[in-house]
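Notes for the one structure printed next.
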Amino acid sequence: MASTESWPSPPRPRSGEIRRDDVFGRCVLFSPARSRRPSDFKSRSPASSSSNPNSKPFCAFCAGHESECAPEIFRFPAGSLDDWKIRVIENLYPALSRDAEHSPSTADGPDAVMPGKYSLTGFGFHDVVIETPDHSVRLPDLSPEEIAQVLLAHKQRILQLACLESIKYVQVFKNYGASAGASMAHSHSQIVGLPLVPPLVSTRLDSMKKFYDMTGKCSLCEVLSNDLLVAETVHYFAIVPFAASYAFEVWIVPRGHTVHFHEIDHEKVMLLGLYVNSTLNCIGTSLERLIVVKTRSIVSRKWTAVDLGGLLKVVLQKLSKQLNDPPYNFMIQAAPPDLPSSCAPSVHWFLQIVPHLSVTGGFEIGTGCFINPVFPEDAAKVLREVDGSR
């Protein structure tokens with residue numbers, strides 16, 4: 001039997017830190033003593049686990065069951081019958097009703113009225129984007145071009161809702177896994193059009209404006225760091241934010257300053273960008289970094305959906321491989337449609353991905369501060385080293 005003297009001494013615990021998030025305007029406590037090694041921080045309940053994986057469940061989102069869903073808004077390709085790729089439908093159990101009476105006098109939110117019992121009718125839009133007709137296909141199983149079409153479906157519906165004077169904010173989000181809020185296993189995302197700007201969005205906009213007023217710079221234009229980088233393409237980069245509220249949280253950020261998600265471009269001729277996507281598993285090497293820099297100087301700076309789709313695919317695959325296919329949410333964090341032009345220099349949209357690896361406790365609920373057991377630099381290194389290709 002080996003002597004205990006042959007085992008190395010355990011590493012000295014890293015000191016904790018309190019960091020300020022200049023985008024969401026909150027503090028995060030980093031407490032590495034509360035976790036294991038970052039590489040061992042895996043989901044205990046994979047989102048796609050099933051007691052009988054060979055069974056084919058009944059699902060109203062699958063091809064052939066279109067009549068059993070809520071009314072359709074549009075589909076891609078337009079006019080397709082049985083060969084559709086994406087469908088956007090009304091939510092059968094909406095959080096808000098498009099048929100409710102709108103209350104325009106108080107539509108600007110709680111801050112626009114006198115203190116007291118603030119109330120609005122439950123007016124709004126709640127839609128579902130069915131991302132594939134195949135029940136067994138997850139979003140990262142799709143090609144970059146197919147994920148781009150999903151993102152363009154989001155864009156199209158945002159533009160439709162933004163045309164309505166009664167809609168003040170549109171939130172796109174995806175819940176993957178039951179513990180992340182998904183009630184249907186079939187791959188889908190959701191879009192909610194609200195008659196007000198939610199308080200958390202207002203706080204985010206105010207925090208970014210404060211950073212800009214103090215520094216003269218956009219907080220997200222300044223956020224890229226090699227220590228926090230997970231992957232990058234010609235037009236986007238993925239990072240673990242400096243003050244990540246959640247373990248292994250990832251943001252996908254446009255390189256150029258852009259306010260609205262719906263400004264992404266439909267351009268398809270992005271062979272160089274797609275080539276860079278195919279090499280993201282080696283992104284830390286000098287060769288691939290050189291390719292990214294050189295390609296960025298050659299290709300016109302448009303916010304292409306294909307480029308974004310490829311990077312989203314890689315990041316989701318990295319999270320799935322490293323963290324045992326965890327439940328997650330992703331949210332598109334953008335600006336209200338009618339954002340004042342004076343705020344445009346400080347607002348920068350991004351896509352936020354939050355794996356569900358722990359539960360929110362009383363400290364977080366009571367203080368609004370989050371405890372993250374994994375330092376962002378450690379999480380980024382772990383994800384950077386994972387092969388995100390198929």
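The chains in the structure tokens are called A, B, ... from first to last as shown; in each chain the residues are counted from 1, and the ligands are counted from 1 in the order shown.
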What are the DSSP strand (DSSP E) residues of stretch 139-196 of chain A, as a ChimeraX atom specification? /A:169-176,188-194
Only N, CA and C atoms, please: the residues just picked out, written as a CSV table (one decimal), in the first residue's frame.
```csv
chain,number,residue,atom,x,y,z
A,169,TYR,N,-41.0,46.6,-25.0
A,169,TYR,CA,-39.8,45.8,-24.9
A,169,TYR,C,-40.2,44.4,-25.4
A,170,VAL,N,-39.2,43.7,-26.1
A,170,VAL,CA,-39.4,42.4,-26.6
A,170,VAL,C,-38.2,41.5,-26.0
A,171,GLN,N,-38.6,40.5,-25.3
A,171,GLN,CA,-37.6,39.6,-24.7
A,171,GLN,C,-37.6,38.2,-25.5
A,172,VAL,N,-36.5,37.8,-26.0
A,172,VAL,CA,-36.3,36.5,-26.6
A,172,VAL,C,-35.5,35.7,-25.6
A,173,PHE,N,-36.0,34.4,-25.3
A,173,PHE,CA,-35.3,33.6,-24.4
A,173,PHE,C,-35.5,32.1,-24.8
A,174,LYS,N,-34.6,31.2,-24.2
A,174,LYS,CA,-34.8,29.8,-24.4
A,174,LYS,C,-34.6,29.1,-23.1
A,175,ASN,N,-35.5,28.2,-22.7
A,175,ASN,CA,-35.3,27.4,-21.6
A,175,ASN,C,-35.0,25.9,-22.1
A,176,TYR,N,-33.9,25.4,-21.6
A,176,TYR,CA,-33.5,24.0,-22.0
A,176,TYR,C,-33.4,23.2,-20.8
A,188,HIS,N,-37.2,24.5,-28.6
A,188,HIS,CA,-38.0,25.7,-28.9
A,188,HIS,C,-37.4,26.8,-28.1
A,189,SER,N,-37.8,28.0,-28.5
A,189,SER,CA,-37.5,29.2,-27.7
A,189,SER,C,-38.8,30.1,-27.7
A,190,GLN,N,-38.7,31.2,-26.9
A,190,GLN,CA,-39.9,32.0,-26.7
A,190,GLN,C,-39.6,33.5,-26.9
A,191,ILE,N,-40.7,34.2,-27.2
A,191,ILE,CA,-40.6,35.6,-27.4
A,191,ILE,C,-41.8,36.3,-26.7
A,192,VAL,N,-41.5,37.2,-25.9
A,192,VAL,CA,-42.6,38.0,-25.1
A,192,VAL,C,-42.5,39.4,-25.5
A,193,GLY,N,-43.6,40.0,-25.9
A,193,GLY,CA,-43.7,41.4,-26.2
A,193,GLY,C,-44.4,42.1,-25.0
A,194,LEU,N,-43.8,43.0,-24.3
A,194,LEU,CA,-44.3,43.6,-23.1
A,194,LEU,C,-44.8,45.0,-23.3
```
I want to know what sits within 10 Å of A:Arg98, based on only C-alpha atoms, with residues of the same chain fewer than 4 positions away left out; could you give that as a list in words?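 Once the adjacent positions are removed, what remains is Glu90, Pro94, His102, Gly122, Phe123, Gly124, Phe125, His126 and Gly193 of chain A.
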Can you pull out the residues contacting stretch 133-141 of chain A? Cut-off 6 Å, using only C-alpha atoms, and skip same-chain residues under 2 positions away; I want them as a ChimeraX atom specification. /A:62-63,186-187,313
Could you build a table of the residues in stretch 195-273 of chain A lying no more than 10 Å from stretch 373-386 of chain A, giving for each the nearest pair of atoms and their separation in Å rounded to one decimal place, using only C-alpha atoms, ordered by chain and ascending residue number, as JSON lines?
```
{"residue": "A:Ser225", "atom": "CA", "partner": "A:Glu377", "partner_atom": "CA", "distance": 9.6}
{"residue": "A:Asn226", "atom": "CA", "partner": "A:Glu377", "partner_atom": "CA", "distance": 9.2}
{"residue": "A:Asp227", "atom": "CA", "partner": "A:Glu377", "partner_atom": "CA", "distance": 5.5}
{"residue": "A:Leu228", "atom": "CA", "partner": "A:Ala380", "partner_atom": "CA", "distance": 5.3}
{"residue": "A:Leu229", "atom": "CA", "partner": "A:Ala380", "partner_atom": "CA", "distance": 6.1}
{"residue": "A:Val230", "atom": "CA", "partner": "A:Arg384", "partner_atom": "CA", "distance": 4.8}
{"residue": "A:Ala231", "atom": "CA", "partner": "A:Arg384", "partner_atom": "CA", "distance": 6.7}
{"residue": "A:Ala238", "atom": "CA", "partner": "A:Ala380", "partner_atom": "CA", "distance": 9.4}
{"residue": "A:Ile239", "atom": "CA", "partner": "A:Ala380", "partner_atom": "CA", "distance": 6.9}
{"residue": "A:Val240", "atom": "CA", "partner": "A:Pro376", "partner_atom": "CA", "distance": 5.6}
{"residue": "A:Pro241", "atom": "CA", "partner": "A:Pro376", "partner_atom": "CA", "distance": 6.5}
{"residue": "A:Phe242", "atom": "CA", "partner": "A:Pro376", "partner_atom": "CA", "distance": 6.1}
{"residue": "A:Ala243", "atom": "CA", "partner": "A:Pro376", "partner_atom": "CA", "distance": 7.3}
{"residue": "A:Ala244", "atom": "CA", "partner": "A:Pro376", "partner_atom": "CA", "distance": 6.5}
{"residue": "A:Ser245", "atom": "CA", "partner": "A:Pro376", "partner_atom": "CA", "distance": 9.6}
{"residue": "A:Tyr246", "atom": "CA", "partner": "A:Pro373", "partner_atom": "CA", "distance": 8.3}
{"residue": "A:Ala247", "atom": "CA", "partner": "A:Val374", "partner_atom": "CA", "distance": 5.6}
{"residue": "A:Phe248", "atom": "CA", "partner": "A:Ala379", "partner_atom": "CA", "distance": 5.5}
{"residue": "A:Glu249", "atom": "CA", "partner": "A:Pro376", "partner_atom": "CA", "distance": 8.3}
{"residue": "A:Val250", "atom": "CA", "partner": "A:Ala380", "partner_atom": "CA", "distance": 8.6}
```
Using atom CA of A:Met184 and atom CA of A:Ile130 as the two end points, give the distance in Å to one decimal.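 One can read the atom CA of A:Met184 to atom CA of A:Ile130 distance as 10.6 Å.
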Of the candidates A:Ser166, A:Ser346, A:Gln352, A:Ser389, which shows the shortest atom-to-atom distance to A:Pro195, using only C-alpha atoms?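 The closest residue to A:Pro195 is A:Ser166.
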Tell me which of A:Leu120, A:Asp387, A:Leu81, A:Cys221 sits closest to A:Lys321, counting only C-alpha atoms.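 Selected residue with least distance to A:Lys321: A:Asp387.
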Please measure the separation of atom CA of A:Asp99 and atom CA of A:Pro337, giving the value in Å to one decimal.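 Computing it gives 21.8 Å between the two atoms.
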Given only C-alpha atoms as the counted atoms, nearest of A:Arg20, A:Lys42, A:Arg26, A:His260 to A:Thr367: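 For A:Thr367, the nearest of the candidates is A:Arg26.
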According to DSSP computed on the backbone, where in stretch 28-264 of chain A is there helix (DSSP H, G or I)? Give the residues as a PyMOL selection string. chain A and resi 32-34+38-40+66-68+104-106+110-112+139-141+144-162+178-180+199-215+261-263
Residue selection dump (C-alpha atoms) as a PDB file, in the first residue's frame:
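Output saved as part-v4.pdb:
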```
ATOM      1  CA  PRO A  32     -14.053  29.132  -4.697  1.00  0.00           C
ATOM      2  CA  ALA A  33     -14.042  27.374  -1.310  1.00  0.00           C
ATOM      3  CA  ARG A  34     -17.680  26.432  -1.966  1.00  0.00           C
ATOM      4  CA  PRO A  38     -13.974  23.868 -12.207  1.00  0.00           C
ATOM      5  CA  SER A  39     -13.456  20.839 -14.459  1.00  0.00           C
ATOM      6  CA  ASP A  40     -15.556  18.737 -12.078  1.00  0.00           C
ATOM      7  CA  GLU A  66     -49.431  21.347 -36.650  1.00  0.00           C
ATOM      8  CA  SER A  67     -53.227  21.433 -36.195  1.00  0.00           C
ATOM      9  CA  GLU A  68     -52.845  20.593 -32.506  1.00  0.00           C
ATOM     10  CA  PRO A 104     -51.808  53.067 -22.581  1.00  0.00           C
ATOM     11  CA  SER A 105     -51.881  55.671 -19.824  1.00  0.00           C
ATOM     12  CA  THR A 106     -49.519  53.640 -17.623  1.00  0.00           C
ATOM     13  CA  PRO A 110     -44.155  51.601 -12.557  1.00  0.00           C
ATOM     14  CA  ASP A 111     -41.875  54.657 -12.383  1.00  0.00           C
ATOM     15  CA  ALA A 112     -44.272  56.657 -14.564  1.00  0.00           C
ATOM     16  CA  LEU A 139     -30.400  23.448 -31.072  1.00  0.00           C
ATOM     17  CA  PRO A 140     -26.609  22.736 -31.112  1.00  0.00           C
ATOM     18  CA  ASP A 141     -27.270  19.716 -33.356  1.00  0.00           C
ATOM     19  CA  PRO A 144     -24.617  27.189 -38.295  1.00  0.00           C
ATOM     20  CA  GLU A 145     -26.885  28.049 -41.219  1.00  0.00           C
ATOM     21  CA  GLU A 146     -29.881  26.362 -39.564  1.00  0.00           C
ATOM     22  CA  ILE A 147     -29.234  28.105 -36.229  1.00  0.00           C
ATOM     23  CA  ALA A 148     -28.951  31.344 -38.207  1.00  0.00           C
ATOM     24  CA  GLN A 149     -32.464  30.759 -39.546  1.00  0.00           C
ATOM     25  CA  VAL A 150     -33.731  30.364 -35.973  1.00  0.00           C
ATOM     26  CA  LEU A 151     -32.070  33.664 -35.047  1.00  0.00           C
ATOM     27  CA  LEU A 152     -33.558  35.324 -38.120  1.00  0.00           C
ATOM     28  CA  ALA A 153     -36.997  34.047 -37.067  1.00  0.00           C
ATOM     29  CA  HIS A 154     -36.405  35.826 -33.745  1.00  0.00           C
ATOM     30  CA  LYS A 155     -35.403  38.943 -35.667  1.00  0.00           C
ATOM     31  CA  GLN A 156     -38.490  38.841 -37.878  1.00  0.00           C
ATOM     32  CA  ARG A 157     -40.872  38.501 -34.938  1.00  0.00           C
ATOM     33  CA  ILE A 158     -39.086  41.251 -32.989  1.00  0.00           C
ATOM     34  CA  LEU A 159     -39.523  43.605 -35.934  1.00  0.00           C
ATOM     35  CA  GLN A 160     -43.231  42.720 -36.167  1.00  0.00           C
ATOM     36  CA  LEU A 161     -43.807  43.413 -32.472  1.00  0.00           C
ATOM     37  CA  ALA A 162     -41.639  46.547 -32.457  1.00  0.00           C
ATOM     38  CA  ALA A 178     -37.116  21.056 -16.946  1.00  0.00           C
ATOM     39  CA  SER A 179     -35.151  22.696 -14.117  1.00  0.00           C
ATOM     40  CA  ALA A 180     -34.501  25.668 -16.428  1.00  0.00           C
ATOM     41  CA  PRO A 199     -37.124  46.923 -14.136  1.00  0.00           C
ATOM     42  CA  LEU A 200     -34.091  44.671 -14.689  1.00  0.00           C
ATOM     43  CA  VAL A 201     -33.773  45.956 -18.257  1.00  0.00           C
ATOM     44  CA  SER A 202     -34.018  49.558 -17.035  1.00  0.00           C
ATOM     45  CA  THR A 203     -31.322  48.826 -14.433  1.00  0.00           C
ATOM     46  CA  ARG A 204     -29.077  47.326 -17.131  1.00  0.00           C
ATOM     47  CA  LEU A 205     -29.543  50.340 -19.416  1.00  0.00           C
ATOM     48  CA  ASP A 206     -28.911  52.756 -16.542  1.00  0.00           C
ATOM     49  CA  SER A 207     -25.793  50.862 -15.437  1.00  0.00           C
ATOM     50  CA  MET A 208     -24.344  50.889 -18.959  1.00  0.00           C
ATOM     51  CA  LYS A 209     -25.177  54.595 -19.306  1.00  0.00           C
ATOM     52  CA  LYS A 210     -23.428  55.319 -15.997  1.00  0.00           C
ATOM     53  CA  PHE A 211     -20.297  53.476 -17.184  1.00  0.00           C
ATOM     54  CA  TYR A 212     -20.346  55.465 -20.431  1.00  0.00           C
ATOM     55  CA  ASP A 213     -20.827  58.788 -18.646  1.00  0.00           C
ATOM     56  CA  MET A 214     -17.857  58.041 -16.357  1.00  0.00           C
ATOM     57  CA  THR A 215     -15.468  56.630 -18.975  1.00  0.00           C
ATOM     58  CA  PHE A 261     -30.256  42.414 -32.015  1.00  0.00           C
ATOM     59  CA  HIS A 262     -32.555  42.844 -35.007  1.00  0.00           C
ATOM     60  CA  GLU A 263     -29.695  44.601 -36.809  1.00  0.00           C
TER      61      GLU A 263
END
```
Which residue gives the smallest distance to A:His257 among A:His235, A:His348, A:Lys85, A:Lys117, with only C-alpha atoms counted?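 Among A:His235, A:His348, A:Lys85, A:Lys117, it is A:His348 that comes nearest to A:His257.
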